[in-house]
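Asker: What follows is data.tsv, TSV, C-alpha atoms.
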chain	number	residue	atom	x	y	z
N	725	MET	CA	0.00	0.00	0.00
N	726	ALA	CA	1.48	3.32	-1.07
N	727	VAL	CA	2.03	6.04	1.55
N	728	ASP	CA	0.79	9.49	0.70
N	729	PRO	CA	3.90	11.69	0.33
N	730	ARG	CA	1.97	14.60	1.81
N	731	ALA	CA	1.55	12.58	5.02
N	732	ARG	CA	5.30	11.94	5.17
N	733	THR	CA	5.95	15.66	4.67
N	734	SER	CA	3.43	16.56	7.36
N	735	ASN	CA	4.93	14.10	9.85
N	736	ARG	CA	8.43	15.37	9.11
N	737	THR	CA	7.28	18.96	9.64
N	738	ILE	CA	5.64	18.12	12.96
N	739	GLY	CA	8.81	16.35	14.08
N	740	GLN	CA	10.91	19.38	13.16
N	741	MET	CA	8.55	21.69	15.05
N	742	VAL	CA	8.73	19.50	18.15
N	743	VAL	CA	12.54	19.41	18.11
N	744	VAL	CA	12.87	23.17	17.54
N	745	GLY	CA	10.19	23.91	20.13
N	746	VAL	CA	11.76	21.73	22.83
N	747	ILE	CA	15.23	23.19	22.32
N	748	ALA	CA	13.99	26.80	22.20
N	749	SER	CA	11.77	26.26	25.26
N	750	ALA	CA	14.63	24.76	27.27
N	751	ILE	CA	16.89	27.67	26.39
N	752	GLY	CA	14.16	30.22	27.12
N	753	VAL	CA	13.23	28.73	30.50
N	754	ALA	CA	16.88	28.42	31.58
N	755	TRP	CA	17.59	31.98	30.52
N	756	GLY	CA	14.45	33.31	32.21
N	757	LEU	CA	15.30	31.58	35.50
N	758	TYR	CA	18.89	32.77	35.30
N	759	ILE	CA	17.99	36.46	34.93
N	760	ASP	CA	17.92	38.35	38.23
N	761	TRP	CA	14.55	40.04	37.69
N	762	PHE	CA	13.98	41.51	41.13
N	763	PRO	CA	15.88	43.20	43.98
N	764	ILE	CA	16.81	41.23	47.09
N	765	GLN	CA	14.05	39.56	49.08
N	766	GLY	CA	13.32	41.82	52.03
N	767	SER	CA	10.22	40.11	53.41
N	768	SER	CA	8.87	36.60	53.95
N	769	GLN	CA	6.21	37.35	51.31
N	770	ALA	CA	8.87	38.10	48.70
N	771	LYS	CA	10.06	34.49	48.46
N	772	LYS	CA	6.56	33.18	47.70
N	773	ILE	CA	5.91	35.88	45.12
N	774	ASP	CA	9.22	35.17	43.39
N	775	GLU	CA	8.37	31.46	43.28
N	776	LEU	CA	5.03	32.29	41.66
N	777	TRP	CA	6.88	34.32	39.05
N	778	ASP	CA	9.18	31.37	38.28
N	779	VAL	CA	6.24	29.00	37.87
N	780	LEU	CA	4.47	31.40	35.52
N	781	LEU	CA	7.69	31.80	33.52
N	782	ILE	CA	8.17	28.02	33.21
N	783	ILE	CA	4.64	27.71	31.81
N	784	ALA	CA	4.58	30.84	29.66
N	785	VAL	CA	7.86	30.38	27.80
N	786	PRO	CA	6.96	27.02	26.17
N	787	VAL	CA	3.50	28.36	25.22
N	788	PHE	CA	5.07	31.40	23.58
N	789	VAL	CA	7.68	29.26	21.81
N	790	MET	CA	5.03	26.81	20.54
N	791	VAL	CA	2.94	29.61	19.00
N	792	VAL	CA	5.96	31.25	17.35
N	793	VAL	CA	7.29	27.95	16.00
N	794	VAL	CA	3.94	27.02	14.46
N	795	ILE	CA	3.68	30.46	12.83
N	796	LEU	CA	7.22	30.30	11.41
N	797	PHE	CA	6.79	26.78	9.99
N	798	ALA	CA	3.42	27.75	8.53
N	799	VAL	CA	5.03	30.74	6.83
N	800	ARG	CA	7.74	28.47	5.43
N	801	ASP	CA	5.51	25.66	4.17
N	802	TYR	CA	2.37	27.52	3.13
N	803	ARG	CA	3.77	30.74	1.73
N	804	GLN	CA	2.58	31.87	-1.67
N	805	ARG	CA	5.02	30.97	-4.42
N	806	PRO	CA	5.51	32.62	-7.83
N	807	GLY	CA	2.67	31.74	-10.21
N	808	GLU	CA	0.19	30.97	-7.42
N	809	GLU	CA	-1.20	34.48	-7.06
N	810	LEU	CA	-4.60	33.56	-8.59
N	811	LEU	CA	-4.93	30.11	-7.09
N	812	ASP	CA	-7.24	29.28	-4.22
N	813	GLY	CA	-5.88	27.44	-1.23
N	814	PRO	CA	-6.79	23.80	-0.59
N	815	ASN	CA	-10.24	23.10	0.81
N	816	VAL	CA	-9.31	22.10	4.37
N	817	HIS	CA	-11.95	20.91	6.83
N	818	GLY	CA	-11.63	21.53	10.55
N	819	SER	CA	-10.71	18.85	13.09
N	820	THR	CA	-13.12	18.52	15.99
N	821	ARG	CA	-10.62	16.47	17.98
N	822	LEU	CA	-7.89	19.10	17.54
N	823	GLU	CA	-10.22	21.92	18.57
N	824	ILE	CA	-11.20	20.03	21.73
N	825	ILE	CA	-7.54	19.44	22.56
N	826	TRP	CA	-6.40	23.04	22.10
N	827	THR	CA	-9.37	24.31	24.10
N	828	THR	CA	-9.11	21.82	26.96
N	829	ILE	CA	-5.36	22.04	27.59
N	830	PRO	CA	-5.21	25.86	27.96
N	831	ALA	CA	-8.33	25.80	30.14
N	832	VAL	CA	-6.74	23.23	32.48
N	833	VAL	CA	-3.45	25.16	32.60
N	834	ILE	CA	-5.22	28.42	33.43
N	835	PHE	CA	-7.36	26.72	36.09
N	836	VAL	CA	-4.28	25.22	37.78
N	837	LEU	CA	-2.34	28.52	37.66
N	838	VAL	CA	-5.27	30.50	39.05
N	839	GLY	CA	-5.64	28.03	41.89
N	840	TYR	CA	-1.91	28.19	42.66
N	841	ALA	CA	-1.91	32.00	42.56
N	842	ALA	CA	-4.96	32.12	44.84
N	843	THR	CA	-3.14	29.88	47.33
N	844	ILE	CA	-0.10	32.17	47.30
N	845	LEU	CA	-2.30	35.25	47.76
N	846	SER	CA	-4.06	33.61	50.72
N	847	ASP	CA	-0.71	32.71	52.30
N	848	ILE	CA	0.84	36.18	52.02
N	849	GLU	CA	-2.32	37.91	53.29
N	850	GLU	CA	-2.81	35.59	56.25
N	851	ALA	CA	-2.74	37.37	59.60
N	852	PRO	CA	-0.20	36.19	62.19
N	853	ALA	CA	-1.31	33.73	64.85
N	854	ASN	CA	-0.80	36.34	67.56
N	855	ALA	CA	-2.60	39.33	66.04
N	856	ALA	CA	-1.88	41.46	69.12
N	857	GLN	CA	1.83	41.41	68.30
N	858	GLU	CA	1.32	42.74	64.77
N	859	LEU	CA	2.56	46.28	64.24
N	860	LYS	CA	0.00	48.55	62.58
N	861	ILE	CA	1.17	51.64	60.70
N	862	ASP	CA	-1.08	54.24	59.10
N	863	VAL	CA	0.42	55.41	55.80
N	864	THR	CA	-0.77	58.66	54.23
N	865	GLY	CA	0.16	59.73	50.72
N	866	GLU	CA	-0.16	63.26	49.43
N	867	GLN	CA	1.51	65.25	46.69
N	868	PHE	CA	4.39	64.50	46.97
N	869	ALA	CA	5.36	62.77	50.20
N	870	TRP	CA	4.55	59.88	52.53
N	871	THR	CA	3.83	60.25	56.25
N	872	PHE	CA	3.51	57.45	58.81
N	873	LYS	CA	1.65	57.11	62.11
N	874	TYR	CA	2.46	54.58	64.83
N	875	LYS	CA	0.97	53.85	68.22
N	876	GLY	CA	3.52	54.59	70.92
N	877	ALA	CA	4.04	52.53	74.05
N	878	ASP	CA	1.67	54.86	75.89
N	879	GLY	CA	-1.01	54.50	73.24
N	880	LYS	CA	-0.48	57.97	71.84
N	881	ASP	CA	0.05	58.59	68.13
N	882	VAL	CA	3.57	59.00	66.80
N	883	ASN	CA	3.74	60.86	63.48
N	884	THR	CA	6.86	60.79	61.34
N	885	THR	CA	8.03	61.09	57.75
N	886	ARG	CA	10.50	58.23	58.19
N	887	LEU	CA	9.42	54.61	58.03
N	888	TYR	CA	11.04	52.32	60.61
N	889	LEU	CA	10.24	48.59	60.64
N	890	PRO	CA	11.23	45.77	63.02
N	891	LYS	CA	12.87	42.69	61.56
N	892	GLY	CA	10.91	39.46	62.04
N	893	ARG	CA	7.65	41.09	63.10
N	894	SER	CA	4.46	41.20	61.05
N	895	VAL	CA	3.55	44.73	59.93
N	896	LYS	CA	0.18	45.81	58.57
N	897	PHE	CA	0.01	49.03	56.55
N	898	ASN	CA	-3.30	50.90	56.43
N	899	VAL	CA	-2.94	53.20	53.45
N	900	ARG	CA	-4.82	56.45	52.73
N	901	SER	CA	-4.54	59.41	50.38
N	902	LYS	CA	-5.28	63.07	51.05
N	903	ASP	CA	-5.59	64.16	47.44
N	904	VAL	CA	-5.14	61.92	44.38
N	905	ILE	CA	-4.45	58.22	43.79
N	906	HIS	CA	-0.95	57.15	44.87
N	907	ASP	CA	0.57	53.68	45.21
N	908	PHE	CA	2.56	52.59	48.25
N	909	TRP	CA	5.37	50.24	47.21
N	910	ILE	CA	8.58	48.91	48.76
N	911	PRO	CA	10.15	46.91	45.88
N	912	GLU	CA	12.25	44.65	48.11
N	913	MET	CA	9.11	43.63	50.01
N	914	ARG	CA	7.26	42.92	46.70
N	915	MET	CA	3.89	44.11	48.04
N	916	LYS	CA	2.11	47.24	46.84
N	917	VAL	CA	-1.34	48.81	47.03
N	918	ASP	CA	-3.10	51.93	45.76
N	919	ALA	CA	-3.73	54.81	48.14
N	920	VAL	CA	-7.22	55.97	47.15
N	921	PRO	CA	-8.95	59.11	48.48
N	922	GLY	CA	-11.87	58.27	50.73
N	923	ILE	CA	-11.05	54.63	51.45
N	924	VAL	CA	-8.46	52.64	53.40
N	925	THR	CA	-6.45	49.92	51.63
N	926	SER	CA	-4.00	47.60	53.36
N	927	TYR	CA	-1.44	44.85	53.13
N	928	ARG	CA	0.98	43.15	55.50
N	929	ILE	CA	4.63	42.17	55.32
N	930	THR	CA	7.18	40.56	57.63
N	931	PRO	CA	10.66	42.07	57.10
N	932	ILE	CA	13.42	39.47	57.19
N	933	ARG	CA	16.52	41.52	56.38
N	934	GLU	CA	17.92	44.61	58.09
N	935	GLY	CA	18.83	47.53	55.86
N	936	ASN	CA	17.51	50.62	54.11
N	937	TYR	CA	15.00	50.16	51.28
N	938	PRO	CA	13.38	52.73	48.97
N	939	VAL	CA	9.70	53.58	49.33
N	940	VAL	CA	8.21	54.81	46.07
N	941	CYS	CA	4.91	55.87	44.58
N	942	ALA	CA	3.99	53.50	41.74
N	943	GLU	CA	1.03	55.52	40.42
N	944	LEU	CA	1.42	58.65	38.29
N	945	CYS	CA	0.18	61.36	40.68
N	946	GLY	CA	1.41	64.70	39.34
N	947	LEU	CA	4.49	66.73	38.54
N	948	GLY	CA	6.46	65.47	41.52
N	949	HIS	CA	5.56	61.79	41.12
N	950	SER	CA	9.06	60.65	40.19
N	951	VAL	CA	10.55	62.02	43.40
N	952	MET	CA	7.79	60.93	45.79
N	953	ARG	CA	10.25	58.74	47.65
N	954	GLN	CA	11.08	57.85	51.21
N	955	THR	CA	13.23	55.19	52.87
N	956	ALA	CA	12.18	52.17	54.93
N	957	TYR	CA	14.67	51.48	57.73
N	958	VAL	CA	14.47	47.84	58.84
N	959	GLN	CA	16.07	47.37	62.26
N	960	SER	CA	16.39	44.69	64.89
N	961	ALA	CA	13.43	44.44	67.25
N	962	ASP	CA	15.41	46.02	70.12
N	963	LYS	CA	16.53	49.00	68.04
N	964	PHE	CA	13.03	49.55	66.72
N	965	ASP	CA	11.50	49.44	70.20
N	966	ALA	CA	14.09	51.95	71.40
N	967	TRP	CA	13.35	54.25	68.46
N	968	LEU	CA	9.59	54.08	69.05
N	969	ALA	CA	10.02	54.71	72.77
N	970	LYS	CA	12.15	57.76	72.00
N	971	GLN	CA	9.55	59.10	69.56
N	972	SER	CA	6.71	58.64	72.03
N	973	ALA	CA	8.60	60.11	74.99
N	974	PRO	CA	7.03	63.39	76.16
N	975	ALA	CA	8.80	66.53	75.02
N	976	PRO	CA	10.52	68.54	77.75
N	977	ALA	CA	8.30	71.22	79.17
N	978	ALA	CA	8.98	74.62	77.66
N	979	ALA	CA	9.53	77.55	79.92
N	980	PRO	CA	6.54	79.89	79.73
N	981	ALA	CA	7.14	83.22	78.08
N	982	GLU	CA	7.01	86.36	80.19
N	983	GLY	CA	3.45	87.56	80.59
N	984	GLY	CA	2.02	84.10	80.02
N	985	GLY	CA	2.32	84.27	76.21
N	986	ALA	CA	3.23	81.52	73.76
N	987	ALA	CA	6.41	79.50	74.19
N	988	PRO	CA	9.46	81.13	72.56
N	989	ALA	CA	10.69	79.75	69.28
N	990	ALA	CA	13.93	78.60	70.93
N	991	ALA	CA	11.93	76.14	73.10
N	992	ILE	CA	10.77	74.23	70.01
N	993	ASP	CA	12.95	71.48	68.51
N	994	ALA	CA	13.11	73.06	65.06
N	995	LYS	CA	15.40	70.36	63.65
N	996	LYS	CA	12.88	67.64	64.57
N	997	LEU	CA	10.11	69.83	63.17
N	998	PHE	CA	12.04	70.07	59.91
N	999	THR	CA	12.66	66.31	59.61
N	1000	ASP	CA	9.39	64.95	61.02
N	1001	GLY	CA	6.78	67.71	60.77
N	1002	ASN	CA	4.15	68.41	63.41
N	1003	GLY	CA	1.58	65.79	62.41
N	1004	GLU	CA	-0.49	68.21	60.32
N	1005	SER	CA	1.96	69.38	57.68
N	1006	ILE	CA	4.37	67.54	55.39
N	1007	ALA	CA	7.84	67.60	56.92
N	1008	CYS	CA	10.25	69.87	55.06
N	1009	GLY	CA	12.88	67.14	55.16
N	1010	SER	CA	10.73	64.77	53.14
N	1011	CYS	CA	11.22	66.99	50.07
N	1012	HIS	CA	14.35	69.07	50.72
N	1013	GLN	CA	17.99	68.25	51.29
N	1014	LEU	CA	19.61	69.98	54.26
N	1015	ALA	CA	23.03	68.91	55.48
N	1016	ASP	CA	22.48	69.88	59.13
N	1017	ALA	CA	19.28	67.78	59.31
N	1018	GLY	CA	20.78	64.82	57.43
N	1019	THR	CA	17.97	64.71	54.90
N	1020	PRO	CA	18.96	63.00	51.62
N	1021	ALA	CA	19.47	64.50	48.18
N	1022	GLY	CA	17.11	63.95	45.29
N	1023	GLY	CA	13.90	65.24	46.85
N	1024	VAL	CA	11.09	66.95	45.05
N	1025	GLY	CA	12.30	70.35	46.26
N	1026	PRO	CA	15.60	72.21	45.91
N	1027	ASN	CA	18.68	71.77	48.09
N	1028	LEU	CA	18.17	74.28	50.91
N	1029	ASP	CA	21.89	74.54	51.63
N	1030	MET	CA	22.22	76.16	48.21
N	1031	VAL	CA	19.01	78.16	47.73
N	1032	LEU	CA	18.70	79.62	51.25
N	1033	ALA	CA	22.33	80.54	51.83
N	1034	GLY	CA	22.52	84.27	52.58
N	1035	GLN	CA	18.76	84.84	52.63
N	1036	SER	CA	17.15	86.84	55.42
N	1037	ALA	CA	14.59	85.45	57.86
N	1038	ASP	CA	11.81	87.41	56.16
N	1039	MET	CA	12.69	85.99	52.74
N	1040	ILE	CA	12.78	82.43	54.09
N	1041	LYS	CA	9.45	82.90	55.87
N	1042	GLU	CA	7.85	84.22	52.70
N	1043	SER	CA	9.12	81.21	50.72
N	1044	ILE	CA	7.41	78.91	53.25
N	1045	VAL	CA	4.00	80.57	53.53
N	1046	GLU	CA	3.79	81.84	49.93
N	1047	PRO	CA	5.83	79.34	47.86
N	1048	GLU	CA	4.33	80.49	44.54
N	1049	LYS	CA	5.82	83.98	45.01
N	1050	VAL	CA	9.33	82.67	45.46
N	1051	ALA	CA	9.72	79.97	42.81
N	1052	THR	CA	13.13	78.33	42.39
N	1053	LYS	CA	14.41	77.96	38.87
N	1054	GLY	CA	14.17	74.40	37.60
N	1055	PHE	CA	11.28	73.41	39.89
N	1056	PRO	CA	7.69	73.51	38.62
N	1057	PRO	CA	5.01	75.56	40.40
N	1058	GLY	CA	2.39	73.80	42.48
N	1059	VAL	CA	4.73	71.21	43.99
N	1060	MET	CA	5.11	72.75	47.45
N	1061	PRO	CA	1.93	72.83	49.58
N	1062	PRO	CA	0.69	76.40	50.06
N	1063	ASN	CA	-0.86	75.85	53.51
N	1064	TYR	CA	2.13	75.93	55.86
N	1065	GLY	CA	0.84	79.24	57.21
N	1066	GLU	CA	-2.19	77.36	58.55
N	1067	THR	CA	-0.66	73.96	59.50
N	1068	LEU	CA	2.28	75.46	61.42
N	1069	LYS	CA	1.69	77.37	64.62
N	1070	PRO	CA	3.23	80.89	64.66
N	1071	GLU	CA	5.87	79.82	67.15
N	1072	GLU	CA	6.68	76.71	65.07
N	1073	LEU	CA	7.02	78.81	61.94
N	1074	ASP	CA	9.34	81.25	63.71
N	1075	ALA	CA	11.46	78.42	65.10
N	1076	LEU	CA	11.69	76.78	61.68
N	1077	VAL	CA	12.75	80.03	60.02
N	1078	GLU	CA	15.37	80.66	62.68
N	1079	TYR	CA	16.73	77.12	62.26
N	1080	LEU	CA	16.97	77.50	58.48
N	1081	VAL	CA	18.73	80.85	58.77
N	1082	THR	CA	21.29	79.38	61.18
N	1083	SER	CA	21.84	76.03	59.44
N	1084	THR	CA	22.32	77.51	55.95
N	1085	LYS	CA	24.81	80.21	56.90
N	1086	LYS	CA	28.09	79.98	54.97
Would you mind giving the structure from this file in structure tokens?

Answerer:
Amino acid sequence: MAVDPRARTSNRTIGQMVVVGVIASAIGVAWGLYIDWFPIQGSSQAKKIDELWDVLLIIAVPVFVMVVVVILFAVRDYRQRPGEELLDGPNVHGSTRLEIIWTTIPAVVIFVLVGYAATILSDIEEAPANAAQELKIDVTGEQFAWTFKYKGADGKDVNTTRLYLPKGRSVKFNVRSKDVIHDFWIPEMRMKVDAVPGIVTSYRITPIREGNYPVVCAELCGLGHSVMRQTAYVQSADKFDAWLAKQSAPAPAAAPAEGGGAAPAAAIDAKKLFTDGNGESIACGSCHQLADAGTPAGGVGPNLDMVLAGQSADMIKESIVEPEKVATKGFPPGVMPPNYGETLKPEELDALVEYLVTSTKK
């Protein structure tokens, strides 16, 4: 019985596709697993998320290779040749069995992957067994800075523009926004969530590695979006407890002014006011570099050591309460909040101005 040569050609083509597909898939998977896609794993959740990525990559690469290989072989074998421009293609009937196969297999793969991803999501969102030991931090985003609120040992609120986290302890972030949509993200921790006006979103992490990690906004939120950055300081549990106790310690009583008036500006810790704010306003140090305060470069605002050097107290005060009148070249208008005259008490504003005059003298 003679064998149809077209069947031999078809079988040979399928064999070639299988060989090419297997080799290309093996190379693609090995290369994908070798690439260092992410920063170091800074939380216990990061390891599970990275494993999910690897599983998805192992599945996705062969699927992509299979589709590309079939397309390339089809182009080679069924391309139009010279003289065939007016010919119709062969009358090919569909294959019910093939359609069932290529519908069932992807459906099963998707079902399995969705189930696996749901399991990972459930694991990383699971609350710790001892919920009372979990640290809860309120995170507030606003153009263009992050502020954080803790509960001190005495139960009072501790407001700061610097994020400190204890190693090995579950932390739950409750995230809010004062203005537009932001996105609270620490890349090394892998977790992120939108900060949406009017609602509270949340996620939890357990830091596993001490160090300093960038906090960024991952949602386009305005002119200063690219520099809406802070730093997460992961410390040992003892160091974190000491830091929190220091932050929640009562401030020393200020000597009353003569005549019973407001406390003098000198009685206010202006450096702390600059770096941490007063709980109502964005801290200056979250946006501006100042050597004396140790605030980092690259903020949304100018370097104060440069722009304030030689300026009088009145000029500095005006730049705080009316920022649009004193714009700095190279920085767009509308970035600095215009309400410091309302969120800072008069004595706080005076102390801040005095501190900036003194610390920027050359």

Asker: Tell me which protein, DNA and RNA residues are within 8 Å of stretch 751-754 of chain N, counting all atoms listed in the file, leaving out same-chain ones fewer than 6 positions away, and put them as a list in words.

Answerer: Leu781, Ile782, Val785 and Pro786 of chain N

Asker: When you count only C-alpha atoms, which of these residues is closest to N:Thr884: N:Gln867, N:Thr1067, N:Gln954, N:Thr827?

Answerer: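 Distance minimum relative to N:Thr884 lands on N:Gln954.
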
Asker: Considering all atoms listed in the file, return as a PyMOL selection string whatever protein or nucleic-acid residues lie within 12 Å of N:Ala855, sequence-local ones (same chain, fewer than 5 positions apart) excluded.

Answerer: chain N and resi 850+860+893-896+928

Asker: Which residues are close to N:Asn936, i.e. within 12 Å by all atoms listed in the file, leaving aside same-chain residues fewer than 5 positions away? Reply as number ranges by chain.

Answerer: N: 764, 766, 886-891, 910-913, 931, 954-959

Asker: Go through N:Tyr927, N:Phe797, N:Phe872, N:Tyr1079 one by one, measure the shortest atom-to-atom distance of each to N:Ala991 using all atoms listed in the file, and give the residue with the smallest value.

Answerer: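 Between N:Tyr927, N:Phe797, N:Phe872, N:Tyr1079, the residue approaching N:Ala991 most closely is N:Tyr1079.
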
Asker: So that I can check the surroundings of stretch 996-1001 of chain N, please list as a VMD selection string every protein, DNA and RNA residue that reaches within 7 Å of it, counting only C-alpha atoms and ignoring chain neighbours fewer than 4 positions away.

Answerer: chain N and resid 884 to 885 1005 to 1010 1017 1076

Asker: Quick one: residues within 9 Å of N:Val746, all atoms listed in the file, excluding same-chain residues fewer than 4 positions away - as a short mmCIF file (atom, residue, chain, number, x, y, z; two decimals) with C-alpha atoms, in the coordinates of the input?

Answerer:
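So result-v2.cif came out as:
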data_model
loop_
_atom_site.label_atom_id
_atom_site.label_comp_id
_atom_site.auth_asym_id
_atom_site.auth_seq_id
_atom_site.Cartn_x
_atom_site.Cartn_y
_atom_site.Cartn_z
CA MET N 741 8.55 21.69 15.05
CA VAL N 742 8.73 19.50 18.15
CA ALA N 750 14.63 24.76 27.27
CA ILE N 751 16.89 27.67 26.39
CA PRO N 786 6.96 27.02 26.17
CA VAL N 789 7.68 29.26 21.81
CA MET N 790 5.03 26.81 20.54
#

Asker: Taking all atoms listed in the file into account, name the residue in N:Val791, N:Ala842, N:Val744, N:Ala770 that is nearest to N:Ile932.

Answerer: N:Ala770

Asker: Quick one: distance from atom CA of N:Lys875 to atom CA of N:Asp962 in Å, one decimal?

Answerer: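 Separation between atom CA of N:Lys875 and atom CA of N:Asp962: 16.5 Å.
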
Asker: Between N:Leu822, N:Val792, N:Lys1041, N:Lys1049, which has the minimum distance to N:Asp1074 (counting only C-alpha atoms)?

Answerer: N:Lys1041

Asker: Of the candidates N:Val899, N:Ala1037, N:Leu845, N:Val882, which one gets nearest to N:Gln971 if we count all atoms listed in the file?

Answerer: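 Checking each of N:Val899, N:Ala1037, N:Leu845, N:Val882 against N:Gln971, counting all atoms listed in the file, the winner is N:Val882.
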
Asker: Go through N:Glu808, N:Glu1042, N:Glu823, N:Glu849 one by one, measure the shortest atom-to-atom distance of each to N:Ser926 using all atoms listed in the file, and give the residue with the smallest value.

Answerer: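 Using all atoms listed in the file, the shortest distance to N:Ser926 belongs to N:Glu849.
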
Asker: Model the absent atoms of stretch 1028-1040 of chain N so that N, CA and C atoms are present, and write the result as a PDB file, in the frame of the given file.

Answerer:
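As a result, rebuild13.pdb now contains:
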ATOM      1  N   LEU N1028      18.282  73.047  50.128  1.00  0.00           N
ATOM      2  CA  LEU N1028      18.170  74.280  50.910  1.00  0.00           C
ATOM      3  C   LEU N1028      19.532  74.848  51.273  1.00  0.00           C
ATOM      4  N   ASP N1029      20.551  74.013  51.350  1.00  0.00           N
ATOM      5  CA  ASP N1029      21.890  74.540  51.630  1.00  0.00           C
ATOM      6  C   ASP N1029      22.327  75.503  50.538  1.00  0.00           C
ATOM      7  N   MET N1030      21.823  75.313  49.339  1.00  0.00           N
ATOM      8  CA  MET N1030      22.220  76.160  48.210  1.00  0.00           C
ATOM      9  C   MET N1030      21.273  77.350  48.045  1.00  0.00           C
ATOM     10  N   VAL N1031      19.956  77.098  48.080  1.00  0.00           N
ATOM     11  CA  VAL N1031      19.010  78.160  47.730  1.00  0.00           C
ATOM     12  C   VAL N1031      18.742  79.139  48.874  1.00  0.00           C
ATOM     13  N   LEU N1032      18.987  78.727  50.123  1.00  0.00           N
ATOM     14  CA  LEU N1032      18.700  79.620  51.250  1.00  0.00           C
ATOM     15  C   LEU N1032      19.935  80.312  51.802  1.00  0.00           C
ATOM     16  N   ALA N1033      21.100  79.929  51.317  1.00  0.00           N
ATOM     17  CA  ALA N1033      22.330  80.540  51.830  1.00  0.00           C
ATOM     18  C   ALA N1033      22.302  82.051  51.600  1.00  0.00           C
ATOM     19  N   GLY N1034      22.461  82.811  52.684  1.00  0.00           N
ATOM     20  CA  GLY N1034      22.520  84.270  52.580  1.00  0.00           C
ATOM     21  C   GLY N1034      21.174  84.951  52.591  1.00  0.00           C
ATOM     22  N   GLN N1035      20.074  84.208  52.624  1.00  0.00           N
ATOM     23  CA  GLN N1035      18.760  84.840  52.630  1.00  0.00           C
ATOM     24  C   GLN N1035      18.379  85.274  54.051  1.00  0.00           C
ATOM     25  N   SER N1036      17.597  86.333  54.125  1.00  0.00           N
ATOM     26  CA  SER N1036      17.150  86.840  55.420  1.00  0.00           C
ATOM     27  C   SER N1036      16.003  85.994  55.947  1.00  0.00           C
ATOM     28  N   ALA N1037      15.687  86.196  57.240  1.00  0.00           N
ATOM     29  CA  ALA N1037      14.590  85.450  57.860  1.00  0.00           C
ATOM     30  C   ALA N1037      13.269  85.767  57.182  1.00  0.00           C
ATOM     31  N   ASP N1038      13.064  87.037  56.805  1.00  0.00           N
ATOM     32  CA  ASP N1038      11.810  87.410  56.160  1.00  0.00           C
ATOM     33  C   ASP N1038      11.657  86.733  54.800  1.00  0.00           C
ATOM     34  N   MET N1039      12.756  86.638  54.056  1.00  0.00           N
ATOM     35  CA  MET N1039      12.690  85.990  52.740  1.00  0.00           C
ATOM     36  C   MET N1039      12.391  84.498  52.886  1.00  0.00           C
ATOM     37  N   ILE N1040      13.010  83.857  53.877  1.00  0.00           N
ATOM     38  CA  ILE N1040      12.780  82.430  54.090  1.00  0.00           C
ATOM     39  C   ILE N1040      11.333  82.187  54.532  1.00  0.00           C
TER      40      ILE N1040
END
